[in-house]
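> If it helps, the file is called my_file.tsv and holds TSV, C-alpha atoms:
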chain	number	residue	atom	x	y	z
A	981	MET	CA	-55.75	14.75	43.41
A	982	LEU	CA	-53.30	11.85	43.35
A	983	TYR	CA	-55.70	9.84	41.22
A	984	LYS	CA	-56.53	12.63	38.76
A	985	CYS	CA	-53.00	13.96	38.40
A	986	ILE	CA	-50.95	10.76	38.42
A	987	LEU	CA	-52.91	7.49	38.32
A	988	ARG	CA	-55.66	8.40	35.86
A	989	PRO	CA	-53.31	9.69	33.12
A	990	ILE	CA	-51.37	6.42	33.35
A	991	LEU	CA	-54.51	4.27	33.30
A	992	PHE	CA	-55.92	6.24	30.37
A	993	LEU	CA	-52.89	5.43	28.22
A	994	LYS	CA	-54.12	1.87	27.72
A	995	ASP	CA	-57.18	0.35	26.06
A	996	PRO	CA	-60.23	1.15	28.24
A	997	GLU	CA	-61.64	-2.37	28.44
A	998	GLU	CA	-58.26	-4.00	29.00
A	999	THR	CA	-57.53	-1.52	31.80
A	1000	HIS	CA	-60.92	-2.12	33.36
A	1001	GLU	CA	-60.50	-5.89	33.38
A	1002	GLN	CA	-57.02	-5.60	34.88
A	1003	ILE	CA	-58.33	-3.37	37.66
A	1004	LEU	CA	-61.17	-5.80	38.44
A	1005	THR	CA	-58.71	-8.70	38.54
A	1006	LEU	CA	-56.47	-6.75	40.92
A	1007	LEU	CA	-59.37	-5.73	43.17
A	1008	SER	CA	-60.62	-9.32	43.31
A	1009	LYS	CA	-57.28	-10.29	44.84
A	1010	LEU	CA	-57.27	-7.43	47.35
A	1011	SER	CA	-60.42	-8.27	49.30
A	1012	PHE	CA	-58.33	-8.38	52.48
A	1013	LEU	CA	-58.02	-4.58	52.16
A	1014	GLU	CA	-61.77	-4.02	52.49
A	1015	VAL	CA	-61.61	-3.06	56.20
A	1016	PRO	CA	-58.67	-0.64	55.83
A	1017	LEU	CA	-60.42	0.90	52.82
A	1018	GLU	CA	-63.58	1.34	54.92
A	1019	ARG	CA	-61.62	3.40	57.43
A	1020	LEU	CA	-60.38	5.56	54.58
A	1021	PHE	CA	-63.51	5.97	52.42
A	1022	VAL	CA	-66.71	5.14	54.34
A	1023	VAL	CA	-68.85	8.04	55.58
A	1024	ASP	CA	-70.89	6.61	58.44
A	1025	ASP	CA	-73.77	8.98	59.17
A	1026	LYS	CA	-77.38	7.94	59.80
A	1027	ARG	CA	-78.61	11.10	58.09
A	1028	LEU	CA	-77.60	9.48	54.81
A	1029	GLN	CA	-79.63	6.27	55.25
A	1030	VAL	CA	-82.38	5.56	52.73
A	1031	ARG	CA	-84.88	2.72	52.39
A	1032	LEU	CA	-86.08	0.71	49.41
A	1033	GLY	CA	-88.90	-1.53	50.58
A	1034	PRO	CA	-87.43	-3.81	53.26
A	1035	LEU	CA	-83.85	-2.73	52.46
A	1036	THR	CA	-81.78	-0.07	54.18
A	1037	PHE	CA	-78.96	1.55	52.24
A	1038	PRO	CA	-76.38	3.08	54.64
A	1039	ASN	CA	-76.00	5.94	52.14
A	1040	PRO	CA	-77.65	6.82	48.82
A	1041	VAL	CA	-74.64	6.30	46.52
A	1042	GLY	CA	-74.49	2.94	44.74
A	1043	LEU	CA	-72.23	1.27	42.21
A	1044	ALA	CA	-74.15	0.98	38.94
A	1045	ALA	CA	-74.45	-2.22	36.96
A	1046	GLY	CA	-71.87	-2.61	34.22
A	1047	PHE	CA	-68.80	-1.92	36.33
A	1048	ASP	CA	-68.52	-5.37	37.91
A	1049	LYS	CA	-70.62	-7.45	35.53
A	1050	ASN	CA	-69.66	-10.85	36.91
A	1051	GLY	CA	-69.34	-10.00	40.59
A	1052	ALA	CA	-65.58	-10.48	40.43
A	1053	ALA	CA	-64.73	-7.96	43.17
A	1054	LEU	CA	-67.88	-7.88	45.30
A	1055	GLU	CA	-66.03	-8.15	48.61
A	1056	ILE	CA	-64.16	-4.89	48.15
A	1057	TRP	CA	-66.87	-2.47	46.96
A	1058	PRO	CA	-68.20	-1.69	50.47
A	1059	GLY	CA	-64.69	-0.49	51.32
A	1060	PHE	CA	-64.98	2.33	48.79
A	1061	GLY	CA	-67.98	3.70	50.68
A	1062	PHE	CA	-70.86	2.58	48.49
A	1063	GLY	CA	-74.27	2.27	50.12
A	1064	PHE	CA	-75.32	-0.51	47.73
A	1065	MET	CA	-73.97	-2.22	44.64
A	1066	GLU	CA	-75.38	-3.79	41.49
A	1067	VAL	CA	-73.81	-6.56	39.42
A	1068	GLY	CA	-74.59	-7.47	35.84
A	1069	ALA	CA	-76.17	-7.27	33.48
A	1070	VAL	CA	-76.46	-11.04	33.89
A	1071	THR	CA	-78.04	-13.08	31.10
A	1072	ALA	CA	-79.34	-16.64	31.18
A	1073	LEU	CA	-76.62	-17.69	28.76
A	1074	ARG	CA	-72.92	-16.94	28.92
A	1075	GLN	CA	-72.09	-14.55	26.08
A	1076	PRO	CA	-68.97	-12.79	24.84
A	1077	GLY	CA	-70.66	-9.53	23.88
A	1078	ASN	CA	-70.01	-7.46	20.78
A	1079	PRO	CA	-66.74	-7.41	18.80
A	1080	LYS	CA	-63.85	-5.37	20.22
A	1081	PRO	CA	-62.98	-2.55	20.47
A	1082	ARG	CA	-66.24	-1.64	22.18
A	1083	LEU	CA	-65.42	0.80	24.98
A	1084	TYR	CA	-64.19	4.36	24.43
A	1085	ARG	CA	-63.18	7.21	26.71
A	1086	LEU	CA	-64.05	10.81	25.88
A	1087	PRO	CA	-61.96	12.71	28.46
A	1088	LYS	CA	-62.81	16.21	27.19
A	1089	ASP	CA	-66.50	15.37	27.51
A	1090	GLN	CA	-66.06	13.36	30.76
A	1091	ALA	CA	-67.95	10.54	29.11
A	1092	LEU	CA	-67.75	6.95	27.93
A	1093	ILE	CA	-69.22	5.20	24.91
A	1094	ASN	CA	-69.75	1.48	25.24
A	1095	ARG	CA	-71.25	-1.19	23.03
A	1096	LEU	CA	-70.24	-4.13	25.21
A	1097	GLY	CA	-73.44	-6.07	24.59
A	1098	PHE	CA	-74.09	-7.78	27.93
A	1099	ASN	CA	-70.79	-9.70	27.99
A	1100	ASN	CA	-70.96	-11.88	31.10
A	1101	ASP	CA	-70.34	-15.38	32.44
A	1102	GLY	CA	-74.03	-16.33	32.46
A	1103	ALA	CA	-76.52	-16.91	35.26
A	1104	GLU	CA	-75.30	-20.33	36.39
A	1105	ALA	CA	-71.63	-19.36	36.72
A	1106	ILE	CA	-72.45	-16.11	38.52
A	1107	ALA	CA	-74.89	-17.93	40.83
A	1108	ALA	CA	-72.08	-20.33	41.77
A	1109	ARG	CA	-69.75	-17.40	42.50
A	1110	LEU	CA	-72.36	-15.66	44.65
A	1111	ASP	CA	-73.19	-18.90	46.44
A	1112	GLU	CA	-69.55	-19.33	47.45
A	1113	LEU	CA	-69.41	-15.77	48.78
A	1114	ASN	CA	-72.71	-16.26	50.57
A	1115	GLN	CA	-71.52	-19.49	52.20
A	1116	ASN	CA	-68.49	-17.59	53.50
A	1117	GLY	CA	-70.64	-14.74	54.85
A	1118	LYS	CA	-69.21	-12.19	52.42
A	1119	LEU	CA	-72.41	-10.82	50.87
A	1120	GLN	CA	-73.75	-9.08	53.95
A	1121	LYS	CA	-72.02	-5.68	54.11
A	1122	ILE	CA	-74.30	-3.63	51.83
A	1123	PRO	CA	-77.40	-4.49	49.76
A	1124	LEU	CA	-76.65	-6.30	46.51
A	1125	GLY	CA	-78.69	-5.67	43.40
A	1126	ILE	CA	-78.64	-8.00	40.41
A	1127	ASN	CA	-79.22	-6.50	36.98
A	1128	VAL	CA	-80.94	-8.98	34.64
A	1129	GLY	CA	-80.71	-8.70	30.85
A	1130	ARG	CA	-81.95	-10.66	27.85
A	1131	SER	CA	-79.67	-13.13	26.11
A	1132	LYS	CA	-78.76	-11.85	22.64
A	1133	ILE	CA	-79.89	-14.95	20.74
A	1134	VAL	CA	-83.31	-15.00	22.41
A	1135	GLU	CA	-86.15	-13.48	20.44
A	1136	THR	CA	-88.41	-10.85	21.95
A	1137	LYS	CA	-91.34	-13.27	22.14
A	1138	ASP	CA	-89.29	-15.53	24.43
A	1139	ALA	CA	-87.74	-12.75	26.50
A	1140	ALA	CA	-89.91	-13.24	29.59
A	1141	LYS	CA	-88.85	-16.89	29.89
A	1142	ASP	CA	-85.20	-15.88	29.45
A	1143	PHE	CA	-85.41	-13.20	32.16
A	1144	LEU	CA	-87.23	-15.62	34.43
A	1145	PHE	CA	-84.45	-18.22	34.24
A	1146	THR	CA	-81.86	-15.69	35.43
A	1147	PHE	CA	-84.16	-14.22	38.08
A	1148	GLU	CA	-84.91	-17.62	39.60
A	1149	LYS	CA	-81.30	-18.81	39.41
A	1150	LEU	CA	-79.98	-15.72	41.22
A	1151	TYR	CA	-82.94	-15.12	43.53
A	1152	PRO	CA	-81.25	-16.46	46.68
A	1153	TYR	CA	-78.38	-14.00	46.39
A	1154	GLY	CA	-79.85	-10.66	45.33
A	1155	ASP	CA	-81.35	-8.20	47.79
A	1156	TYR	CA	-83.10	-6.51	44.86
A	1157	PHE	CA	-83.36	-7.12	41.12
A	1158	THR	CA	-83.25	-4.74	38.17
A	1159	LEU	CA	-84.85	-5.71	34.87
A	1160	ASN	CA	-82.70	-4.12	32.19
A	1161	VAL	CA	-84.98	-3.45	29.23
A	1162	SER	CA	-83.05	-0.39	28.08
A	1163	SER	CA	-79.48	-1.15	27.05
A	1164	PRO	CA	-78.86	0.22	23.53
A	1165	ASN	CA	-76.39	-2.59	22.79
A	1166	THR	CA	-78.63	-5.67	22.55
A	1167	PRO	CA	-80.77	-5.77	19.37
A	1168	ASN	CA	-84.48	-5.11	19.98
A	1169	LEU	CA	-84.07	-5.13	23.77
A	1170	ARG	CA	-85.76	-1.75	24.09
A	1171	ASP	CA	-88.89	-3.23	22.49
A	1172	LEU	CA	-89.56	-4.60	25.98
A	1173	GLN	CA	-90.29	-1.07	27.17
A	1174	ALA	CA	-93.51	-1.20	25.13
A	1175	LYS	CA	-96.57	-1.37	27.35
A	1176	ASN	CA	-97.84	-4.84	26.46
A	1177	LEU	CA	-94.43	-6.53	26.42
A	1178	LEU	CA	-93.35	-4.89	29.67
A	1179	LYS	CA	-96.58	-5.95	31.35
A	1180	GLU	CA	-96.06	-9.54	30.26
A	1181	LEU	CA	-92.48	-9.53	31.57
A	1182	LEU	CA	-93.39	-7.99	34.91
A	1183	GLU	CA	-96.34	-10.34	35.45
A	1184	VAL	CA	-94.05	-13.35	34.97
A	1185	ILE	CA	-91.32	-12.00	37.24
A	1186	GLN	CA	-93.63	-10.80	40.01
A	1187	THR	CA	-95.56	-14.08	40.03
A	1188	LYS	CA	-92.29	-15.96	40.53
A	1189	ASN	CA	-91.19	-13.36	43.10
A	1190	ARG	CA	-94.29	-14.04	45.22
A	1191	GLU	CA	-93.88	-17.80	44.80
A	1192	LEU	CA	-90.24	-17.83	45.88
A	1193	ALA	CA	-90.90	-15.48	48.80
A	1194	GLY	CA	-93.74	-17.72	49.93
A	1195	ARG	CA	-91.51	-20.80	49.92
A	1196	SER	CA	-89.08	-19.14	52.31
A	1197	SER	CA	-91.74	-17.28	54.34
A	1198	SER	CA	-90.02	-14.00	53.55
A	1199	LYS	CA	-90.98	-10.73	51.91
A	1200	GLU	CA	-90.91	-10.36	48.14
A	1201	LYS	CA	-87.66	-8.91	46.88
A	1202	PRO	CA	-87.79	-5.41	45.38
A	1203	VAL	CA	-87.86	-5.47	41.58
A	1204	LEU	CA	-86.99	-2.35	39.60
A	1205	VAL	CA	-87.12	-1.50	35.90
A	1206	LYS	CA	-84.23	0.35	34.26
A	1207	ILE	CA	-85.40	2.65	31.48
A	1208	ALA	CA	-83.75	4.42	28.56
A	1209	PRO	CA	-83.46	8.20	28.20
A	1210	ASP	CA	-84.27	7.95	24.49
A	1211	MET	CA	-88.06	8.13	24.55
A	1212	GLU	CA	-90.89	10.60	24.89
A	1213	PHE	CA	-92.43	11.28	28.29
A	1214	SER	CA	-95.69	9.82	26.99
A	1215	GLN	CA	-93.95	6.44	26.78
A	1216	VAL	CA	-92.51	6.95	30.25
A	1217	ASP	CA	-96.07	7.47	31.47
A	1218	GLU	CA	-97.08	4.11	29.98
A	1219	ILE	CA	-94.15	2.45	31.74
A	1220	ILE	CA	-95.17	4.07	35.02
A	1221	GLU	CA	-98.72	2.77	34.56
A	1222	VAL	CA	-97.49	-0.80	34.03
A	1223	VAL	CA	-94.91	-0.62	36.81
A	1224	GLU	CA	-97.49	0.58	39.33
A	1225	SER	CA	-100.11	-1.96	38.22
A	1226	GLN	CA	-97.62	-4.79	38.78
A	1227	LYS	CA	-96.49	-3.40	42.15
A	1228	VAL	CA	-92.90	-3.07	41.03
A	1229	ALA	CA	-90.63	-1.46	43.62
A	1230	GLY	CA	-89.32	1.37	41.48
A	1231	ILE	CA	-87.59	2.70	38.37
A	1232	ILE	CA	-83.91	3.27	37.63
A	1233	ALA	CA	-83.57	6.37	35.47
A	1234	THR	CA	-81.69	6.18	33.24
A	1235	ASN	CA	-79.54	3.88	31.17
A	1236	ALA	CA	-76.99	5.20	28.66
A	1237	THR	CA	-78.22	7.11	25.62
A	1238	ALA	CA	-77.85	6.10	22.00
A	1239	PHE	CA	-78.07	9.78	21.03
A	1240	LEU	CA	-76.95	13.16	22.46
A	1241	ARG	CA	-73.87	13.25	20.24
A	1242	GLU	CA	-74.36	16.88	19.12
A	1243	LYS	CA	-72.10	18.56	21.68
A	1244	LEU	CA	-69.38	15.93	21.93
A	1245	THR	CA	-65.83	16.90	21.06
A	1246	GLY	CA	-64.70	13.42	19.98
A	1247	ARG	CA	-65.79	10.01	18.65
A	1248	VAL	CA	-69.27	11.17	17.68
A	1249	ASP	CA	-69.38	8.44	15.02
A	1250	GLU	CA	-69.05	5.53	17.48
A	1251	PRO	CA	-72.32	3.67	18.03
A	1252	GLY	CA	-73.25	2.49	21.51
A	1253	GLY	CA	-74.41	3.88	24.82
A	1254	LEU	CA	-73.12	7.29	25.87
A	1255	SER	CA	-72.74	7.83	29.62
A	1256	GLY	CA	-71.26	10.53	31.80
A	1257	LYS	CA	-71.61	14.31	31.91
A	1258	PRO	CA	-73.48	14.73	28.60
A	1259	LEU	CA	-76.33	12.60	30.00
A	1260	ARG	CA	-76.70	14.45	33.31
A	1261	GLU	CA	-79.45	16.93	32.48
A	1262	ARG	CA	-81.53	14.50	30.43
A	1263	ALA	CA	-81.44	11.82	33.12
A	1264	THR	CA	-82.46	14.39	35.73
A	1265	SER	CA	-85.40	15.49	33.59
A	1266	PHE	CA	-86.64	11.90	33.50
A	1267	ILE	CA	-86.38	11.63	37.27
A	1268	ARG	CA	-88.28	14.87	37.71
A	1269	HIS	CA	-91.03	13.75	35.33
A	1270	ILE	CA	-91.47	10.38	37.06
A	1271	TYR	CA	-91.57	12.02	40.48
A	1272	GLN	CA	-94.12	14.61	39.38
A	1273	THR	CA	-96.28	12.05	37.59
A	1274	THR	CA	-96.35	9.65	40.54
A	1275	ARG	CA	-96.38	12.41	43.17
A	1276	GLY	CA	-93.48	10.69	44.85
A	1277	ARG	CA	-95.20	7.32	45.21
A	1278	LEU	CA	-92.67	5.41	43.14
A	1279	PRO	CA	-89.05	5.09	44.33
A	1280	ILE	CA	-86.50	6.26	41.75
A	1281	ILE	CA	-82.79	5.53	41.58
A	1282	GLY	CA	-81.06	8.21	39.54
A	1283	VAL	CA	-78.18	7.48	37.17
A	1284	GLY	CA	-76.39	9.61	34.61
A	1285	GLY	CA	-73.60	12.15	34.83
A	1286	ILE	CA	-72.99	12.02	38.59
A	1287	PHE	CA	-69.45	13.13	39.38
A	1288	THR	CA	-69.89	15.40	42.41
A	1289	ALA	CA	-72.08	15.87	45.46
A	1290	GLU	CA	-73.86	18.65	43.61
A	1291	ASP	CA	-74.72	16.27	40.78
A	1292	ALA	CA	-76.14	13.73	43.23
A	1293	TYR	CA	-78.01	16.40	45.18
A	1294	GLU	CA	-79.60	17.67	41.97
A	1295	LYS	CA	-81.00	14.22	41.20
A	1296	ILE	CA	-82.25	13.67	44.74
A	1297	LYS	CA	-83.93	17.08	44.75
A	1298	ALA	CA	-85.56	16.09	41.43
A	1299	GLY	CA	-87.06	13.03	43.12
A	1300	ALA	CA	-84.46	10.25	43.31
A	1301	MET	CA	-84.26	8.35	46.60
A	1302	ALA	CA	-80.74	7.17	45.72
A	1303	VAL	CA	-78.21	7.42	42.90
A	1304	GLN	CA	-75.70	5.19	41.14
A	1305	ILE	CA	-72.35	6.03	39.59
A	1306	LEU	CA	-70.14	4.33	37.01
A	1307	THR	CA	-68.56	6.80	34.59
A	1308	GLY	CA	-68.09	9.25	37.45
A	1309	PHE	CA	-66.20	6.57	39.38
A	1310	VAL	CA	-63.91	6.00	36.39
A	1311	TYR	CA	-63.09	9.71	36.11
A	1312	GLU	CA	-63.12	10.70	39.79
A	1313	GLY	CA	-61.41	7.65	41.26
A	1314	PRO	CA	-61.61	5.71	44.53
A	1315	GLY	CA	-62.43	8.74	46.66
A	1316	ALA	CA	-65.50	9.67	44.64
A	1317	VAL	CA	-68.15	8.14	46.91
A	1318	LYS	CA	-66.61	9.64	50.05
A	1319	ARG	CA	-66.54	13.11	48.47
A	1320	ILE	CA	-70.14	12.77	47.29
A	1321	ASN	CA	-71.42	11.62	50.69
A	1322	ARG	CA	-69.51	14.28	52.60
A	1323	GLY	CA	-70.74	16.86	50.12
A	1324	LEU	CA	-74.34	15.71	50.51
A	1325	LEU	CA	-74.10	16.23	54.28
A	1326	ARG	CA	-72.69	19.71	53.71
A	1327	LEU	CA	-75.46	20.61	51.25
A	1328	MET	CA	-78.13	19.22	53.60
A	1329	GLU	CA	-76.79	21.32	56.47
A	1330	ARG	CA	-76.72	24.39	54.25
A	1331	ASP	CA	-80.36	23.90	53.26
A	1332	GLY	CA	-81.63	22.87	56.69
A	1333	PHE	CA	-82.44	19.21	55.97
A	1334	LYS	CA	-82.07	16.72	58.84
A	1335	ASN	CA	-81.79	13.62	56.66
A	1336	ILE	CA	-81.42	12.80	52.99
A	1337	SER	CA	-85.00	11.58	52.63
A	1338	GLU	CA	-86.19	15.15	53.28
A	1339	VAL	CA	-84.21	16.29	50.24
A	1340	MET	CA	-86.02	13.88	47.89
A	1341	GLY	CA	-88.28	15.84	45.53
A	1342	SER	CA	-87.70	19.14	47.34
A	1343	GLY	CA	-86.67	20.79	44.08
A	1344	VAL	CA	-89.79	19.80	42.16
Starting from the coordinates I provided, produce the structure as structure tokens.


Amino acid sequence: MLYKCILRPILFLKDPEETHEQILTLLSKLSFLEVPLERLFVVDDKRLQVRLGPLTFPNPVGLAAGFDKNGAALEIWPGFGFGFMEVGAVTALRQPGNPKPRLYRLPKDQALINRLGFNNDGAEAIAARLDELNQNGKLQKIPLGINVGRSKIVETKDAAKDFLFTFEKLYPYGDYFTLNVSSPNTPNLRDLQAKNLLKELLEVIQTKNRELAGRSSSKEKPVLVKIAPDMEFSQVDEIIEVVESQKVAGIIATNATAFLREKLTGRVDEPGGLSGKPLRERATSFIRHIYQTTRGRLPIIGVGGIFTAEDAYEKIKAGAMAVQILTGFVYEGPGAVKRINRGLLRLMERDGFKNISEVMGSGV
């Protein structure tokens, strides 16, 4: 209540992107508070553990890509109770993103619109930052995902090579990798969701994945594909076919939407990706379709409109093995993950489930 009644109204007085950057800068300097924050926000209960390939997430609530694009505050995120975290999107080249202003709050709709455009420090700079953290033993608390995007100036025909550069550069530091082919804010990026282009990209990445794993005598790292909610299910089925043929670890459903403006109360004319409450039902429908189509064979991480335990539970019942939050974290504040995890335990007990994995797909 403190956050919603006092802190959030103050934070929301300022420009959204400026506020966000100031918060990240502050959090990057407060890494020494990670342990005290853990005592305050972490819900430690084995019933919440989930697995993605060789990885164990201590709970199914992750920080979505886009919140900490450059890994500026990685040390502190475990303290807020997250079970895993994802940085990025990272591109091969450093890029400033789209012209400002490019991030908008829609408080009445509990939503955000962004057209940031993969602004980030680039693969080499972020690799150096992660290497320093790794050398100091500060990347071990929870699994780290790295979201990989296409550089804006790179043409679609050269996209696979561009993705590959970032994947290889950051391979030592990520526990899993997400190929972002679905942001609405990079021109023609969503073309990579087409069957032939996606197959080409995944073949290149998975070949390198096997090669790098072989060099270190370790298992291949899980690779996921993040898809858009702005397509027909027939196209989703083609993506599933390619993903399964290339032995990709799973799908993240979904990215922000370029549409769904009909019911918004404000800023309907702003282009960009809409996230938050308006996306909740559509994202859940995509999760349900993927789960039904694959009969639960393909792990799904659900994203879109998760603010409460009930929102997360809905996505897990639809077939998600885990969820990620971003807009919900902005609106609900630092206690959001704790409330969601505690709520999930309460809902599981109510429905007679012994662990969260039993909930997955139970509503389909």

> Do you know which residues are at most 10 Å from Lys1121 (chain A) counting all atoms listed in the file, after dropping those on the same chain fewer than 6 positions away, and could you put them as a list in words?

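The filter keeps Pro1038, Leu1054, Glu1055, Ile1056, Trp1057, Pro1058, Gly1059, Gly1063 and Phe1064 of chain A.
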
> Record the distance separating CA of Lys1137 (chain A) and CA of Asn1176 (chain A), expressed in Å with one decimal.

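Separation between CA of Lys1137 (chain A) and CA of Asn1176 (chain A): 11.5 Å.
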
> Work out how far apart CA of Phe1157 (chain A) and CA of Gly1077 (chain A) are and give it in Å to one decimal.

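These two atoms are separated by 21.5 Å.
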
> Tell me which of A:Thr1307, A:Ser1337, A:Asn1168, A:Gln1226 sits closest to Leu1028 (chain A), counting all atoms listed in the file.

A:Ser1337

> Can you pull out the residues contacting Arg1260 (chain A)? Cut-off 10 Å, using all atoms listed in the file, and skip same-chain residues under 2 positions away; I want them as a ChimeraX atom specification.

/A:1234,1255-1258,1262-1265,1282-1287,1291-1292,1294-1295

> For CA of Gln1075 (chain A) and CA of Asn1114 (chain A), determine how far apart the two atoms are, in Å to one decimal place.

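The value is 24.6 Å.
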
> Compare A:Phe1012, A:Tyr1153, A:Tyr1293, A:Tyr983 by their minimum atom-to-atom distance to Arg1109 (chain A), counting all atoms listed in the file, and give me the closest one.

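Of all the options, A:Tyr1153 lies closest to Arg1109 (chain A).
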
> Which residue out of A:Gly1061, A:Pro1087, A:Pro1279, A:Gly1117 has the minimum interatomic distance to Leu1020 (chain A) when all atoms listed in the file are used?

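Ranking A:Gly1061, A:Pro1087, A:Pro1279, A:Gly1117 by distance to Leu1020 (chain A), first place goes to A:Gly1061.
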
> List the spatial neighbours of region 1330-1334 of chain A as a list of chain:residue names - criterion: any atom at most 12 Å away, only C-alpha atoms, same-chain residues fewer than 6 positions off excluded.

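The residues that qualify are A:Asp1025, A:Lys1026, A:Arg1027, A:Leu1028, A:Gln1029, A:Tyr1293, A:Lys1297, A:Gly1323, A:Leu1324, A:Met1340, A:Ser1342, A:Gly1343.
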
> Excluding same-chain residues fewer than 4 positions from Asp1111 (chain A), what lies within 12 Å of it counting only C-alpha atoms, as JSON, numbers by chain?

{"A": [1051, 1103, 1104, 1105, 1106, 1107, 1115, 1116, 1117, 1118, 1119, 1149, 1150, 1151, 1152, 1153, 1154]}

> Counting all atoms listed in the file, figure out which residue out of A:Leu1017, A:Ile986, A:Leu1254, A:Val1041 gets nearest to Met1301 (chain A).

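Of all the options, A:Val1041 lies closest to Met1301 (chain A).
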
> Could the residues of region 1006-1081 of chain A that have an atom at most 12 Å from region 1196-1204 of chain A be listed as JSON lines, each with its closest atom pair and the distance in Å to one decimal, counting only C-alpha atoms and ordered by chain and ascending residue number?


{"residue": "A:Arg1031", "atom": "CA", "partner": "A:Pro1202", "partner_atom": "CA", "distance": 11.1}
{"residue": "A:Leu1032", "atom": "CA", "partner": "A:Pro1202", "partner_atom": "CA", "distance": 7.5}
{"residue": "A:Gly1033", "atom": "CA", "partner": "A:Pro1202", "partner_atom": "CA", "distance": 6.6}
{"residue": "A:Pro1034", "atom": "CA", "partner": "A:Lys1199", "partner_atom": "CA", "distance": 7.9}
{"residue": "A:Leu1035", "atom": "CA", "partner": "A:Pro1202", "partner_atom": "CA", "distance": 8.5}
{"residue": "A:Thr1036", "atom": "CA", "partner": "A:Pro1202", "partner_atom": "CA", "distance": 11.9}
{"residue": "A:Glu1066", "atom": "CA", "partner": "A:Leu1204", "partner_atom": "CA", "distance": 11.9}

> So which residues touch region 1269-1278 of chain A within 8 Å, counting only C-alpha atoms, skipping near sequence neighbours fewer than 4 positions away, as a list in words?

Phe1213, Val1216, Asp1217, Ile1220, Glu1224, Ala1229, Gly1230, Ile1231, Ser1265, Ala1298, Gly1299, Ala1300, Gly1341 and Val1344 of chain A

> When distances are computed from only C-alpha atoms, which of A:Leu1124, A:Ala1236, A:Pro1314, A:Ile990 shows the smallest separation from Leu1007 (chain A)?

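Checking each candidate against Leu1007 (chain A), we get A:Pro1314 as the closest.
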
> Which of these residues is nearest to Leu1006 (chain A), using only C-alpha atoms: A:Ala1044, A:Ala1052, A:Leu1113, A:Leu987?

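Of A:Ala1044, A:Ala1052, A:Leu1113, A:Leu987, the one nearest Leu1006 (chain A) is A:Ala1052, counting only C-alpha atoms.
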
> Generate a file for region 1196-1208 of chain A, containing N, CA and C atoms, as a CSV table (one decimal), in the first residue's frame.


chain,number,residue,atom,x,y,z
A,1196,SER,N,33.0,-27.1,-24.1
A,1196,SER,CA,33.1,-27.1,-22.6
A,1196,SER,C,32.6,-28.3,-22.0
A,1197,SER,N,32.2,-29.3,-22.8
A,1197,SER,CA,31.7,-30.6,-22.3
A,1197,SER,C,30.5,-30.4,-21.3
A,1198,SER,N,29.7,-29.5,-21.7
A,1198,SER,CA,28.5,-29.2,-21.0
A,1198,SER,C,27.2,-29.4,-21.8
A,1199,LYS,N,26.1,-29.3,-21.2
A,1199,LYS,CA,24.8,-29.4,-21.9
A,1199,LYS,C,24.5,-28.2,-22.7
A,1200,GLU,N,23.8,-28.3,-23.8
A,1200,GLU,CA,23.4,-27.2,-24.6
A,1200,GLU,C,22.5,-26.3,-23.7
A,1201,LYS,N,22.6,-25.0,-23.9
A,1201,LYS,CA,21.8,-24.0,-23.2
A,1201,LYS,C,20.4,-23.9,-23.8
A,1202,PRO,N,19.4,-23.9,-22.9
A,1202,PRO,CA,18.0,-23.7,-23.4
A,1202,PRO,C,17.9,-22.4,-24.3
A,1203,VAL,N,17.3,-22.6,-25.5
A,1203,VAL,CA,17.0,-21.5,-26.3
A,1203,VAL,C,15.5,-21.4,-26.5
A,1204,LEU,N,14.9,-20.2,-26.3
A,1204,LEU,CA,13.5,-20.0,-26.5
A,1204,LEU,C,13.3,-19.0,-27.6
A,1205,VAL,N,12.0,-19.0,-28.1
A,1205,VAL,CA,11.6,-18.0,-29.1
A,1205,VAL,C,10.5,-17.2,-28.5
A,1206,LYS,N,10.6,-15.9,-28.5
A,1206,LYS,CA,9.5,-15.0,-28.0
A,1206,LYS,C,8.7,-14.5,-29.2
A,1207,ILE,N,7.4,-14.8,-29.1
A,1207,ILE,CA,6.5,-14.5,-30.2
A,1207,ILE,C,5.5,-13.4,-30.0
A,1208,ALA,N,5.0,-12.8,-31.0
A,1208,ALA,CA,4.0,-11.7,-30.9
A,1208,ALA,C,2.6,-12.2,-30.8
